[in-house]
>>> print(open('run_34.txt').read())   # compact mmCIF, C-alpha atoms and all ligand atoms
# COMPACT_ATOMS: atom_id res chain seq x y z
CA MET C 11 -32.34 -3.57 -38.98
CA ASP C 12 -34.96 -1.08 -37.83
CA LEU C 13 -33.99 2.49 -37.04
CA PHE C 14 -35.26 4.48 -34.10
CA GLU C 15 -37.56 7.37 -34.96
CA HIS C 16 -34.86 9.98 -34.36
CA GLN C 17 -32.46 8.10 -36.64
CA ALA C 18 -35.11 7.69 -39.31
CA LYS C 19 -35.82 11.43 -39.18
CA GLU C 20 -32.11 12.25 -39.45
CA LEU C 21 -31.96 10.09 -42.55
CA PHE C 22 -35.14 11.74 -43.88
CA ALA C 23 -33.70 15.21 -43.34
CA ARG C 24 -30.51 14.31 -45.23
CA HIS C 25 -32.69 13.56 -48.26
CA GLY C 26 -34.85 16.66 -47.97
CA VAL C 27 -37.92 15.19 -46.25
CA ALA C 28 -39.46 17.91 -44.06
CA VAL C 29 -39.31 16.94 -40.36
CA PRO C 30 -39.80 18.97 -37.16
CA ARG C 31 -36.61 20.46 -35.67
CA GLY C 32 -35.40 18.36 -32.76
CA ARG C 33 -32.70 16.25 -31.14
CA VAL C 34 -32.36 13.08 -29.13
CA ALA C 35 -31.76 13.31 -25.34
CA TRP C 36 -30.48 10.62 -23.00
CA SER C 37 -31.36 12.29 -19.71
CA PRO C 38 -33.96 14.70 -18.29
CA GLU C 39 -31.24 17.39 -18.06
CA GLU C 40 -30.39 16.96 -21.71
CA ALA C 41 -34.09 17.04 -22.63
CA GLU C 42 -34.41 20.34 -20.78
CA ALA C 43 -31.39 21.76 -22.63
CA VAL C 44 -32.75 20.69 -26.02
CA ALA C 45 -36.14 22.22 -25.19
CA ALA C 46 -34.44 25.50 -24.23
CA GLU C 47 -32.50 25.46 -27.48
CA LEU C 48 -35.65 24.88 -29.55
CA GLY C 49 -37.78 27.38 -27.63
CA GLY C 50 -41.58 27.28 -27.41
CA THR C 51 -43.71 24.21 -26.88
CA VAL C 52 -41.93 20.91 -27.51
CA VAL C 53 -42.99 17.31 -27.66
CA VAL C 54 -41.02 14.66 -25.73
CA LYS C 55 -41.21 11.27 -27.43
CA ALA C 56 -40.09 7.88 -26.11
CA GLN C 57 -37.64 6.23 -28.51
CA VAL C 58 -38.58 2.56 -28.70
CA GLN C 59 -39.11 0.41 -31.75
CA VAL C 60 -42.75 -0.28 -31.23
CA GLY C 61 -45.91 1.58 -32.26
CA GLY C 62 -48.63 2.96 -30.01
CA ARG C 63 -46.26 5.03 -27.90
CA GLY C 64 -48.78 7.84 -27.62
CA LYS C 65 -51.44 5.64 -26.06
CA ALA C 66 -48.86 4.18 -23.65
CA GLY C 67 -47.99 7.64 -22.31
CA GLY C 68 -44.68 7.81 -24.15
CA ILE C 69 -45.46 11.08 -25.98
CA LYS C 70 -45.98 14.28 -23.99
CA LEU C 71 -46.19 17.95 -24.84
CA ALA C 72 -44.18 20.41 -22.74
CA ARG C 73 -44.75 24.17 -22.70
CA ASP C 74 -41.32 25.04 -21.36
CA PRO C 75 -37.90 23.45 -20.71
CA ALA C 76 -38.75 22.63 -17.07
CA ALA C 77 -41.84 20.71 -18.18
CA ALA C 78 -39.77 18.89 -20.83
CA ARG C 79 -37.43 17.79 -18.07
CA VAL C 80 -40.32 16.45 -15.98
CA ASN C 81 -41.76 14.63 -19.01
CA ALA C 82 -38.40 13.05 -19.80
CA GLU C 83 -38.08 11.95 -16.15
CA GLN C 84 -41.39 10.14 -16.50
CA ILE C 85 -40.71 8.66 -19.93
CA ILE C 86 -37.10 7.48 -19.57
CA GLY C 87 -37.17 4.07 -17.89
CA MET C 88 -40.79 3.49 -18.89
CA ASP C 89 -41.61 0.03 -20.24
CA ILE C 90 -43.61 0.18 -23.46
CA LYS C 91 -44.75 -3.26 -24.61
CA GLY C 92 -41.59 -4.83 -23.22
CA HIS C 93 -39.23 -2.13 -24.55
CA VAL C 94 -37.50 -0.01 -21.93
CA VAL C 95 -37.11 3.64 -22.92
CA ARG C 96 -33.48 4.80 -22.74
CA ARG C 97 -33.70 8.02 -24.76
CA VAL C 98 -36.27 10.55 -25.87
CA LEU C 99 -36.64 12.71 -28.92
CA VAL C 100 -37.33 16.34 -28.06
CA GLU C 101 -38.71 18.33 -30.98
CA GLU C 102 -40.73 21.43 -31.70
CA ALA C 103 -44.45 20.67 -31.25
CA SER C 104 -46.69 20.79 -34.29
CA ASP C 105 -50.17 22.25 -34.49
CA ILE C 106 -51.90 19.42 -36.34
CA ALA C 107 -54.72 20.12 -38.83
CA ALA C 108 -54.77 16.68 -40.50
CA GLU C 109 -52.95 13.35 -40.12
CA TYR C 110 -52.11 11.14 -43.11
CA TYR C 111 -50.22 7.93 -43.79
CA VAL C 112 -47.64 7.19 -46.50
CA SER C 113 -45.20 4.33 -46.99
CA ILE C 114 -42.98 2.67 -49.58
CA LEU C 115 -42.06 -0.99 -49.32
CA HIS C 116 -41.11 -4.11 -51.23
CA ASP C 117 -43.97 -5.99 -52.78
CA ARG C 118 -42.75 -9.56 -53.12
CA ALA C 119 -45.91 -10.81 -54.80
CA GLY C 120 -45.80 -7.95 -57.30
CA LYS C 121 -42.03 -8.29 -57.78
CA GLY C 122 -41.59 -4.56 -57.39
CA PHE C 123 -42.16 -1.72 -54.97
CA LEU C 124 -45.43 -0.62 -53.49
CA ALA C 125 -46.32 2.90 -52.39
CA MET C 126 -49.29 3.42 -50.10
CA ALA C 127 -51.21 6.39 -48.80
CA SER C 128 -54.22 6.98 -46.60
CA ALA C 129 -56.05 9.99 -45.24
CA GLU C 130 -56.56 8.02 -42.02
CA GLY C 131 -53.17 8.64 -40.44
CA GLY C 132 -52.21 8.62 -36.79
CA VAL C 133 -53.66 5.19 -36.09
CA GLU C 134 -51.98 1.86 -36.77
CA ILE C 135 -52.33 1.12 -40.47
CA GLU C 136 -53.25 -2.52 -39.76
CA GLU C 137 -56.26 -1.16 -37.90
CA VAL C 138 -57.31 0.93 -40.90
CA ALA C 139 -56.73 -2.04 -43.21
CA ALA C 140 -59.01 -4.21 -41.09
CA ARG C 141 -61.74 -1.63 -40.62
CA ASP C 142 -61.81 0.07 -44.01
CA PRO C 143 -59.41 -1.41 -46.60
CA GLY C 144 -60.69 1.05 -49.21
CA ALA C 145 -59.19 3.90 -47.19
CA ILE C 146 -55.68 2.81 -48.23
CA VAL C 147 -54.48 3.51 -51.76
CA ARG C 148 -51.88 1.08 -53.10
CA VAL C 149 -49.77 2.01 -56.10
CA PRO C 150 -47.30 -0.52 -57.53
CA VAL C 151 -44.02 1.07 -58.60
CA ASN C 152 -41.71 -0.55 -61.10
CA PRO C 153 -38.17 -0.15 -59.69
CA LEU C 154 -36.79 0.49 -63.18
CA ILE C 155 -39.18 3.40 -63.69
CA GLY C 156 -39.13 4.78 -60.16
CA LEU C 157 -41.75 6.86 -58.36
CA ARG C 158 -43.08 9.33 -60.97
CA PRO C 159 -45.47 12.28 -60.68
CA TYR C 160 -48.37 10.18 -61.98
CA HIS C 161 -47.82 7.67 -59.16
CA ILE C 162 -47.78 10.53 -56.68
CA ASN C 163 -51.02 11.93 -58.07
CA GLN C 164 -52.65 8.53 -57.73
CA LEU C 165 -51.55 8.44 -54.09
CA VAL C 166 -52.36 11.98 -53.04
CA PHE C 167 -55.63 12.38 -54.94
CA GLY C 168 -56.64 8.73 -54.49
CA ALA C 169 -56.31 8.93 -50.72
CA GLY C 170 -58.14 12.25 -50.63
CA PHE C 171 -55.47 14.46 -49.05
CA ALA C 172 -56.68 18.04 -48.46
CA PRO C 173 -55.87 20.33 -51.43
CA GLU C 174 -53.48 22.44 -49.33
CA ALA C 175 -51.53 19.28 -48.34
CA ARG C 176 -51.02 17.93 -51.87
CA LYS C 177 -47.91 19.84 -52.89
CA GLY C 178 -46.08 19.23 -49.61
CA ALA C 179 -47.09 15.56 -49.56
CA ALA C 180 -45.88 15.13 -53.15
CA GLU C 181 -42.49 16.62 -52.24
CA ILE C 182 -42.18 14.37 -49.22
CA LEU C 183 -43.07 11.28 -51.27
CA THR C 184 -40.40 12.17 -53.85
CA HIS C 185 -37.74 12.53 -51.15
CA LEU C 186 -38.94 9.42 -49.32
CA TYR C 187 -38.40 7.45 -52.48
CA ASP C 188 -34.82 8.78 -52.55
CA VAL C 189 -34.35 7.56 -48.99
CA PHE C 190 -35.88 4.20 -49.87
CA THR C 191 -33.53 3.55 -52.78
CA ALA C 192 -30.40 5.35 -51.55
CA ALA C 193 -30.34 3.55 -48.19
CA ASP C 194 -31.49 0.15 -49.50
CA CYS C 195 -34.59 0.12 -47.32
CA MET C 196 -37.10 -2.66 -46.88
CA LEU C 197 -39.63 -0.12 -45.68
CA VAL C 198 -40.05 3.60 -45.14
CA GLU C 199 -43.23 4.67 -43.39
CA VAL C 200 -44.53 8.03 -42.18
CA ASN C 201 -47.47 7.82 -39.82
CA PRO C 202 -48.59 10.47 -39.33
CA LEU C 203 -47.62 12.74 -42.15
CA VAL C 204 -49.21 15.99 -40.96
CA LEU C 205 -50.65 19.12 -42.41
CA THR C 206 -50.15 21.85 -39.80
CA ALA C 207 -52.52 24.69 -39.05
CA GLY C 208 -49.95 26.91 -40.77
CA GLY C 209 -50.21 24.89 -43.99
CA GLN C 210 -46.89 23.04 -43.75
CA VAL C 211 -46.59 19.31 -44.48
CA LYS C 212 -44.13 17.35 -42.31
CA ALA C 213 -43.16 13.81 -41.35
CA LEU C 214 -44.20 13.72 -37.69
CA ASP C 215 -43.14 10.10 -37.18
CA GLY C 216 -40.72 7.91 -39.12
CA LYS C 217 -40.10 4.24 -39.48
CA VAL C 218 -37.24 2.81 -41.53
CA SER C 219 -36.27 -0.84 -41.94
CA LEU C 220 -32.93 -1.34 -43.65
CA ASP C 221 -31.97 -4.38 -45.67
CA ASP C 222 -29.33 -6.11 -43.52
CA SER C 223 -27.79 -7.73 -46.59
CA ALA C 224 -27.04 -4.28 -48.02
CA LEU C 225 -25.63 -2.73 -44.82
CA PHE C 226 -22.07 -3.23 -46.06
CA ARG C 227 -22.81 -0.54 -48.63
CA HIS C 228 -23.78 1.91 -45.88
CA PRO C 229 -21.08 2.00 -43.22
CA ASP C 230 -22.61 5.19 -41.77
CA LEU C 231 -25.95 3.43 -41.24
CA ALA C 232 -24.35 0.19 -40.04
CA GLU C 233 -22.70 2.33 -37.35
CA LEU C 234 -26.13 3.23 -35.98
CA ARG C 235 -26.45 -0.37 -34.87
CA ASP C 236 -23.83 0.34 -32.21
CA SER C 237 -26.12 2.88 -30.65
CA PHE C 238 -28.69 0.19 -29.95
CA ALA C 239 -28.79 -0.81 -26.31
CA ALA C 240 -28.47 -4.50 -27.07
CA ASP C 241 -28.93 -7.26 -24.59
CA PRO C 242 -25.49 -8.12 -23.04
CA GLN C 243 -25.51 -11.71 -24.35
CA GLU C 244 -26.58 -10.63 -27.84
CA GLN C 245 -23.90 -7.93 -27.79
CA ALA C 246 -21.19 -10.45 -26.81
CA ALA C 247 -22.44 -12.93 -29.43
CA LYS C 248 -22.31 -10.27 -32.11
CA GLU C 249 -18.72 -9.40 -31.22
CA LYS C 250 -17.83 -13.08 -31.62
CA SER C 251 -19.77 -13.36 -34.89
CA LEU C 252 -22.06 -16.04 -33.48
CA ASN C 253 -25.50 -16.74 -34.81
CA TYR C 254 -27.24 -16.25 -31.46
CA ILE C 255 -30.75 -15.22 -30.51
CA LYS C 256 -31.79 -14.84 -26.89
CA LEU C 257 -35.05 -16.48 -25.84
CA ASP C 258 -36.75 -16.44 -22.48
CA GLY C 259 -36.29 -19.99 -21.19
CA TRP C 260 -33.65 -21.65 -19.03
CA VAL C 261 -32.10 -24.46 -21.12
CA GLY C 262 -29.12 -23.15 -23.09
CA ILE C 263 -28.81 -24.60 -26.59
CA VAL C 264 -25.76 -25.06 -28.83
CA GLY C 265 -25.96 -26.88 -32.15
CA ASN C 266 -24.47 -26.89 -35.61
CA GLY C 267 -26.83 -26.06 -38.45
CA ALA C 268 -29.96 -23.94 -38.18
CA GLY C 269 -32.27 -26.91 -38.83
CA LEU C 270 -30.70 -29.01 -36.10
CA VAL C 271 -30.88 -26.14 -33.63
CA MET C 272 -34.54 -25.51 -34.47
CA SER C 273 -35.41 -29.15 -33.87
CA THR C 274 -33.40 -29.09 -30.64
CA LEU C 275 -35.63 -26.25 -29.42
CA ASP C 276 -38.67 -28.38 -30.26
CA VAL C 277 -37.33 -31.43 -28.47
CA VAL C 278 -36.53 -29.38 -25.36
CA ALA C 279 -40.11 -28.06 -25.40
CA GLN C 280 -41.39 -31.62 -25.82
CA ALA C 281 -39.36 -32.65 -22.76
CA GLY C 282 -41.10 -29.92 -20.75
CA GLY C 283 -38.33 -27.33 -20.87
CA LYS C 284 -37.93 -23.93 -22.40
CA ALA C 285 -34.94 -22.87 -24.48
CA ALA C 286 -32.87 -19.93 -23.24
CA ASN C 287 -31.50 -19.19 -26.68
CA PHE C 288 -30.89 -20.24 -30.25
CA LEU C 289 -27.21 -20.70 -31.08
CA ASP C 290 -26.04 -22.12 -34.36
CA LEU C 291 -22.29 -22.67 -34.59
CA GLY C 292 -22.64 -23.35 -38.30
CA GLY C 293 -20.89 -26.00 -40.33
CA GLY C 294 -17.44 -25.39 -38.88
CA ALA C 295 -18.22 -25.84 -35.16
CA SER C 296 -14.57 -25.31 -34.22
CA ALA C 297 -13.18 -25.47 -30.69
CA ASP C 298 -12.97 -21.69 -30.72
CA SER C 299 -16.56 -21.14 -31.75
CA MET C 300 -17.71 -23.74 -29.20
CA ALA C 301 -15.82 -21.94 -26.44
CA ALA C 302 -17.16 -18.58 -27.56
CA GLY C 303 -20.72 -19.94 -27.72
CA LEU C 304 -20.60 -21.55 -24.29
CA GLU C 305 -19.15 -18.38 -22.85
CA VAL C 306 -22.07 -16.34 -24.14
CA ILE C 307 -24.70 -18.85 -23.00
CA LEU C 308 -23.19 -19.31 -19.54
CA SER C 309 -23.13 -15.56 -18.96
CA ASP C 310 -26.94 -15.62 -19.03
CA PRO C 311 -28.00 -15.93 -15.38
CA LYS C 312 -31.28 -17.60 -16.38
CA VAL C 313 -29.51 -20.61 -17.86
CA ARG C 314 -29.75 -23.68 -15.59
CA SER C 315 -28.41 -26.35 -17.96
CA VAL C 316 -26.91 -26.43 -21.44
CA LEU C 317 -27.67 -28.87 -24.21
CA VAL C 318 -24.93 -29.28 -26.82
CA ASN C 319 -26.29 -31.06 -29.86
CA ILE C 320 -23.76 -31.67 -32.63
CA PHE C 321 -24.07 -33.72 -35.73
CA GLY C 322 -20.66 -34.34 -37.25
CA GLY C 323 -20.46 -34.10 -41.00
CA ILE C 324 -17.54 -32.00 -42.08
CA THR C 325 -17.27 -31.14 -38.40
CA ARG C 326 -15.45 -33.91 -36.52
CA GLY C 327 -16.91 -35.07 -33.22
CA ASP C 328 -13.51 -35.39 -31.55
CA LEU C 329 -12.68 -31.78 -32.37
CA VAL C 330 -16.02 -30.65 -31.02
CA ALA C 331 -15.41 -32.62 -27.82
CA GLN C 332 -11.96 -31.05 -27.52
CA GLY C 333 -13.60 -27.67 -28.07
CA ILE C 334 -16.00 -28.33 -25.21
CA LEU C 335 -13.16 -29.39 -22.90
CA ASP C 336 -11.05 -26.38 -23.87
CA ALA C 337 -14.01 -24.14 -23.26
CA LEU C 338 -14.65 -25.67 -19.83
CA GLU C 339 -11.03 -25.18 -18.87
CA ARG C 340 -10.98 -21.64 -20.13
CA LEU C 341 -14.23 -20.73 -18.38
CA GLY C 342 -13.35 -22.44 -15.08
CA ASP C 343 -15.73 -21.35 -12.30
CA GLN C 344 -18.01 -19.61 -14.77
CA VAL C 345 -19.34 -23.08 -15.61
CA ARG C 346 -21.94 -23.31 -12.86
CA VAL C 347 -24.47 -25.53 -14.64
CA PRO C 348 -24.38 -29.04 -16.16
CA LEU C 349 -23.67 -29.55 -19.87
CA VAL C 350 -25.50 -32.37 -21.62
CA VAL C 351 -23.68 -33.35 -24.80
CA ARG C 352 -25.08 -35.37 -27.66
CA LEU C 353 -22.58 -36.13 -30.41
CA ASP C 354 -23.42 -38.02 -33.55
CA GLY C 355 -21.89 -38.48 -36.99
CA THR C 356 -18.22 -38.27 -37.96
CA ASN C 357 -15.86 -39.32 -35.13
CA ALA C 358 -18.67 -39.19 -32.58
CA GLU C 359 -17.27 -42.25 -30.79
CA GLU C 360 -13.84 -40.62 -30.37
CA GLY C 361 -15.55 -37.47 -29.16
CA ARG C 362 -17.56 -39.29 -26.51
CA GLU C 363 -14.40 -41.06 -25.30
CA LEU C 364 -12.64 -37.75 -24.88
CA LEU C 365 -15.55 -36.39 -22.85
CA ALA C 366 -15.74 -39.55 -20.72
CA LYS C 367 -12.04 -39.17 -19.84
CA SER C 368 -12.46 -35.60 -18.77
CA SER C 369 -12.22 -34.77 -15.11
CA SER C 370 -15.08 -32.28 -15.26
CA ASP C 371 -18.12 -33.26 -13.24
CA LYS C 372 -20.23 -30.89 -15.31
CA VAL C 373 -20.35 -32.93 -18.53
CA VAL C 374 -23.04 -35.54 -19.09
CA THR C 375 -23.31 -37.40 -22.39
CA ALA C 376 -26.46 -38.71 -24.04
CA ALA C 377 -26.93 -41.09 -26.94
CA THR C 378 -29.95 -39.53 -28.63
CA MET C 379 -31.36 -36.08 -29.03
CA LEU C 380 -34.52 -36.92 -27.09
CA GLU C 381 -32.55 -38.44 -24.21
CA ALA C 382 -30.25 -35.41 -24.19
CA ALA C 383 -33.20 -33.01 -24.03
CA ALA C 384 -34.86 -35.00 -21.23
CA LYS C 385 -31.59 -34.95 -19.23
CA ALA C 386 -31.02 -31.24 -19.80
CA VAL C 387 -34.55 -30.44 -18.64
CA GLU C 388 -34.25 -32.70 -15.62
CA LEU C 389 -30.88 -31.24 -14.58
CA ALA C 390 -32.23 -27.70 -15.03
CA GLY C 391 -35.12 -28.58 -12.71
CA ARG C 392 -32.72 -29.89 -10.10
CA ALA C 393 -30.58 -26.77 -10.37
CA ALA C 394 -33.73 -24.70 -9.73
CA GLU C 395 -34.66 -26.77 -6.67
CA GLY C 396 -31.10 -26.37 -5.41
CA ALA C 397 -31.42 -22.62 -5.81
CA ASN C 398 -34.67 -22.58 -3.89
CA ASN C 399 -33.30 -24.52 -0.93
P1 LIG Q 401 -46.75 6.29 -32.33
O1 LIG Q 401 -48.11 6.32 -31.75
O2 LIG Q 401 -45.81 5.48 -31.50
O3 LIG Q 401 -46.72 5.88 -33.77
O4 LIG Q 401 -46.17 7.79 -32.27
P2 LIG Q 401 -46.38 9.02 -33.26
O5 LIG Q 401 -45.12 9.72 -33.42
O6 LIG Q 401 -47.03 8.57 -34.52
O7 LIG Q 401 -47.36 9.97 -32.48
C1 LIG Q 401 -48.64 9.54 -32.07
C2 LIG Q 401 -49.58 10.68 -32.02
O8 LIG Q 401 -49.14 11.66 -31.10
C3 LIG Q 401 -49.72 11.43 -33.34
O9 LIG Q 401 -50.61 10.79 -34.22
C4 LIG Q 401 -50.21 12.77 -32.86
O10 LIG Q 401 -51.61 12.75 -32.73
C5 LIG Q 401 -49.56 12.93 -31.51
N1 LIG Q 401 -48.43 13.84 -31.65
C6 LIG Q 401 -47.14 13.54 -31.91
N2 LIG Q 401 -46.40 14.65 -32.03
C7 LIG Q 401 -47.22 15.68 -31.84
C8 LIG Q 401 -47.06 17.12 -31.86
O11 LIG Q 401 -45.98 17.66 -32.10
N3 LIG Q 401 -48.17 17.87 -31.62
C9 LIG Q 401 -49.37 17.31 -31.37
N4 LIG Q 401 -50.40 18.11 -31.14
N5 LIG Q 401 -49.57 15.99 -31.35
C10 LIG Q 401 -48.53 15.19 -31.59
MN MN Q 402 -46.66 6.77 -35.58
>>> encode(input="run_34.txt", output="structure tokens", more="lines below")
Ligand code: GDP
Ligand code: MN
Amino acid sequence: MDLFEHQAKELFARHGVAVPRGRVAWSPEEAEAVAAELGGTVVVKAQVQVGGRGKAGGIKLARDPAAARVNAEQIIGMDIKGHVVRRVLVEEASDIAAEYYVSILHDRAGKGFLAMASAEGGVEIEEVAARDPGAIVRVPVNPLIGLRPYHINQLVFGAGFAPEARKGAAEILTHLYDVFTAADCMLVEVNPLVLTAGGQVKALDGKVSLDDSALFRHPDLAELRDSFAADPQEQAAKEKSLNYIKLDGWVGIVGNGAGLVMSTLDVVAQAGGKAANFLDLGGGASADSMAAGLEVILSDPKVRSVLVNIFGGITRGDLVAQGILDALERLGDQVRVPLVVRLDGTNAEEGRELLAKSSSDKVVTAATMLEAAAKAVELAGRAAEGANN
């Protein structure tokens, strides 16, 4: 889970990392109020989880609260690389003398942590790595030893930070390491870390990726997830504990087992279609999870047909079929598109019989995965033609 900049900075501040004073705002009015509270020149920053916001016009300086309001009006609603801005961070503007880069991350190859620093901050680090790899200092850190002063010296001197930035940068690195370990992060990155004209060193931007597997240890951070403006289908899927990922096609997919679902996506592509989602019901594939899954998929207006691909192992085909029928009954008129069902494995025959007996005109069965995909794509095409007429 990635944090928004304002959340990353809140976490930084809790651990003593110097950040500009500021607060998130959800409306131009709120941005104006925060700017008035802060006083002086502020910067209004789009909160989206993608880099290059500055270049996209998502970061603007404002000399007074009225200007902050106008900036927020322009930035909120803006689309930055496919991410719509819903909130802005309003913070005191900094007078920048130098921009640096620092990060701490997991180094899988090195089986430890890796700390990095560069005097070429403010631009995407991948760009620096491509242009001048020598400009980035990499220091492996043994997790059992932790980030020690000698590591920090290697980073700060190695990258060539200005003498007046060294002490502040060293303090920030120490506190960043606390954040990294205390919050079970996969990555903490500050780009840029700035030296101000007044000689202060601050984290001007912040990126934090948390380890999802460790979120249970951090209920306060897990809560932040709720503040993410999730897609409505993904939100509903999450509430039902489904393994669902929205994609941008029009053939809904339900399967049991990640491998089977992945190959179903491939087969749909081979048949000339495009999957609307990935949904793995898992080994259990109960009637309840089937109903919940179909409900989520059918609530996506882009879906024009659904392909249910179940291989019965522990999961019994007749129970899956019953699950589909229950779901259809429960959903009623919400089922506006055809469902192509391919059942194989344990009790598949009984399952197909159940489906054949059903009174629903929406269910179509198919014997093989390829045939099922072809049918789902064909029916989706017809649904589209119908919509156009
Ligand atoms: P990103 O481009 O999305 O990573 O956004 P950043 O937060 O890193 O900001 C991009 C750039 O905007 C920085 O490298 C700065 O040059 C500029 N910037 C951000 N905040 C301020 C500020 O308070 N004052 C000034 N002068 N420039 C800023
Ligand atoms: Mn940045």
>>> closest_residue(input="run_34.txt", among="C:Leu183, C:Ala78, C:Ala175, C:Ala127", to="Glu47 of chain C", atoms="all atoms listed in the file")
C:Ala78
>>> axis_aligned_box(input="run_34.txt", around="ligand LIG 401 (chain Q)", padding_each_side="4 Å", output="JSON")
{"center_x": -48.4, "center_y": 11.8, "center_z": -32.8, "size_x": 14.5, "size_y": 20.6, "size_z": 11.4}
>>> atom_distance(input="run_34.txt", atom1="atom CA of Leu165 of chain C", atom2="atom CA of Pro30 of chain C")
23.1 Å
>>> closest_atom_pairs(input="run_34.txt", of="chain C", to="ligand LIG 401 (chain Q)", cutoff="8 Å", atoms="only C-alpha atoms and all ligand atoms", output="CSV")
residue,atom,partner,partner_atom,distance
C:Val52,CA,Q:LIG401,O11,6.9
C:Val53,CA,Q:LIG401,O11,5.4
C:Lys55,CA,Q:LIG401,O5,7.3
C:Val60,CA,Q:LIG401,O2,6.5
C:Gly61,CA,Q:LIG401,O2,4.0
C:Gly62,CA,Q:LIG401,O1,3.8
C:Arg63,CA,Q:LIG401,O2,3.7
C:Gly64,CA,Q:LIG401,O1,4.5
C:Lys65,CA,Q:LIG401,O1,6.6
C:Gly68,CA,Q:LIG401,O2,7.8
C:Ile69,CA,Q:LIG401,O8,6.3
C:Leu71,CA,Q:LIG401,N3,7.1
C:Glu101,CA,Q:LIG401,O11,7.4
C:Glu102,CA,Q:LIG401,O11,6.5
C:Ala103,CA,Q:LIG401,O11,3.5
C:Ser104,CA,Q:LIG401,O11,3.9
C:Asp105,CA,Q:LIG401,N4,5.3
C:Ile106,CA,Q:LIG401,N4,5.6
C:Glu109,CA,Q:LIG401,O9,6.8
C:Gly131,CA,Q:LIG401,O9,7.1
C:Gly132,CA,Q:LIG401,O9,3.7
C:Val133,CA,Q:LIG401,O9,6.6
C:Glu134,CA,Q:LIG401,O3,7.3
C:Asn201,CA,Q:LIG401,O6,5.4
C:Pro202,CA,Q:LIG401,O6,5.4
C:Leu214,CA,Q:LIG401,O5,5.9
C:Asp215,CA,Q:LIG401,O5,4.3
C:Gly216,CA,Q:LIG401,O5,7.4
>>> residues_around(input="run_34.txt", residues="Arg326 of chain C", least_positions_apart="4", cutoff="9 Å", atoms="only C-alpha atoms", output="MDAnalysis selection string")
chainID C and resid 295:296 321:322 330:331 355:358 361
>>> atom_distance(input="run_34.txt", atom1="atom CA of Gly391 of chain C", atom2="atom CA of Gly265 of chain C")
21.6 Å
>>> closest_residue(input="run_34.txt", among="C:Asn163, C:Thr378, C:Ser369, C:Asn287", to="Asn319 of chain C", atoms="all atoms listed in the file")
C:Thr378
>>> closest_residue(input="run_34.txt", among="C:Ala108, C:Leu257, C:Met126, C:Leu154", to="Gly168 of chain C", atoms="only C-alpha atoms")
C:Met126
>>> atom_distance(input="run_34.txt", atom1="atom CA of Ala286 of chain C", atom2="atom CA of Ile324 of chain C")
27.1 Å
>>> residues_around(input="run_34.txt", residues="Ala377 of chain C", least_positions_apart="2", cutoff="10 Å", atoms="all atoms listed in the file", output="list in words")
Val351, Arg352, Leu353, Asp354, Arg362, Thr375, Met379, Leu380, Glu381 and Ala382 of chain C
>>> closest_atom_pairs(input="run_34.txt", of="segment 148-228 of chain C", to="segment 15-21 of chain C", cutoff="12 Å", atoms="all atoms listed in the file", output="CSV")
residue,atom,partner,partner_atom,distance
C:His185,CA,C:Leu21,CA,10.6
C:Leu186,CA,C:Leu21,CA,9.7
C:Asp188,CA,C:Leu21,CA,10.5
C:Val189,CA,C:Leu21,CA,7.3
C:Phe190,CA,C:Leu21,CA,10.2
C:Ala192,CA,C:Leu21,CA,10.3
C:Ala193,CA,C:Leu21,CA,8.8
C:Cys195,CA,C:Ala18,CA,11.0
C:Leu197,CA,C:Ala18,CA,11.0
C:Val198,CA,C:Ala18,CA,8.7
C:Glu199,CA,C:Ala18,CA,9.6
C:Val200,CA,C:Lys19,CA,9.8
C:Asn201,CA,C:Glu15,CA,11.0
C:Lys212,CA,C:Lys19,CA,10.7
C:Ala213,CA,C:Lys19,CA,8.0
C:Leu214,CA,C:Lys19,CA,8.8
C:Asp215,CA,C:Glu15,CA,6.6
C:Gly216,CA,C:Glu15,CA,5.3
C:Lys217,CA,C:Glu15,CA,6.1
C:Val218,CA,C:Ala18,CA,5.8
C:Ser219,CA,C:Ala18,CA,9.0
C:Leu220,CA,C:Ala18,CA,10.3
>>> closest_residue(input="run_34.txt", among="C:Ala140, C:Ala28, C:Val100, C:Asp328", to="Gln210 of chain C", atoms="all atoms listed in the file")
C:Ala28
>>> residues_around(input="run_34.txt", residues="Gly292 of chain C", least_positions_apart="4", cutoff="9 Å", atoms="all atoms listed in the file", output="compact mmCIF listing (two decimals) with C-alpha atoms, in the coordinates of the input")
# COMPACT_ATOMS: atom_id res chain seq x y z
CA LEU C 252 -22.06 -16.04 -33.48
CA ASN C 253 -25.50 -16.74 -34.81
CA GLY C 265 -25.96 -26.88 -32.15
CA ASN C 266 -24.47 -26.89 -35.61
CA GLY C 267 -26.83 -26.06 -38.45
CA ALA C 268 -29.96 -23.94 -38.18
>>> residues_around(input="run_34.txt", residues="Gln57 of chain C", least_positions_apart="5", cutoff="7 Å", atoms="only C-alpha atoms", output="VMD selection string")
chain C and resid 14 to 15 95 97 to 99
>>> write_last_selection(input="run_34.txt", atoms="C-alpha atoms", output="mmCIF file, keeping the file's coordinate frame")
data_model
loop_
_atom_site.group_PDB
_atom_site.id
_atom_site.type_symbol
_atom_site.label_atom_id
_atom_site.label_comp_id
_atom_site.auth_asym_id
_atom_site.auth_seq_id
_atom_site.Cartn_x
_atom_site.Cartn_y
_atom_site.Cartn_z
ATOM 1 C CA PHE C 14 -35.260 4.480 -34.100
ATOM 2 C CA GLU C 15 -37.560 7.370 -34.960
ATOM 3 C CA VAL C 95 -37.110 3.640 -22.920
ATOM 4 C CA ARG C 97 -33.700 8.020 -24.760
ATOM 5 C CA VAL C 98 -36.270 10.550 -25.870
ATOM 6 C CA LEU C 99 -36.640 12.710 -28.920
#
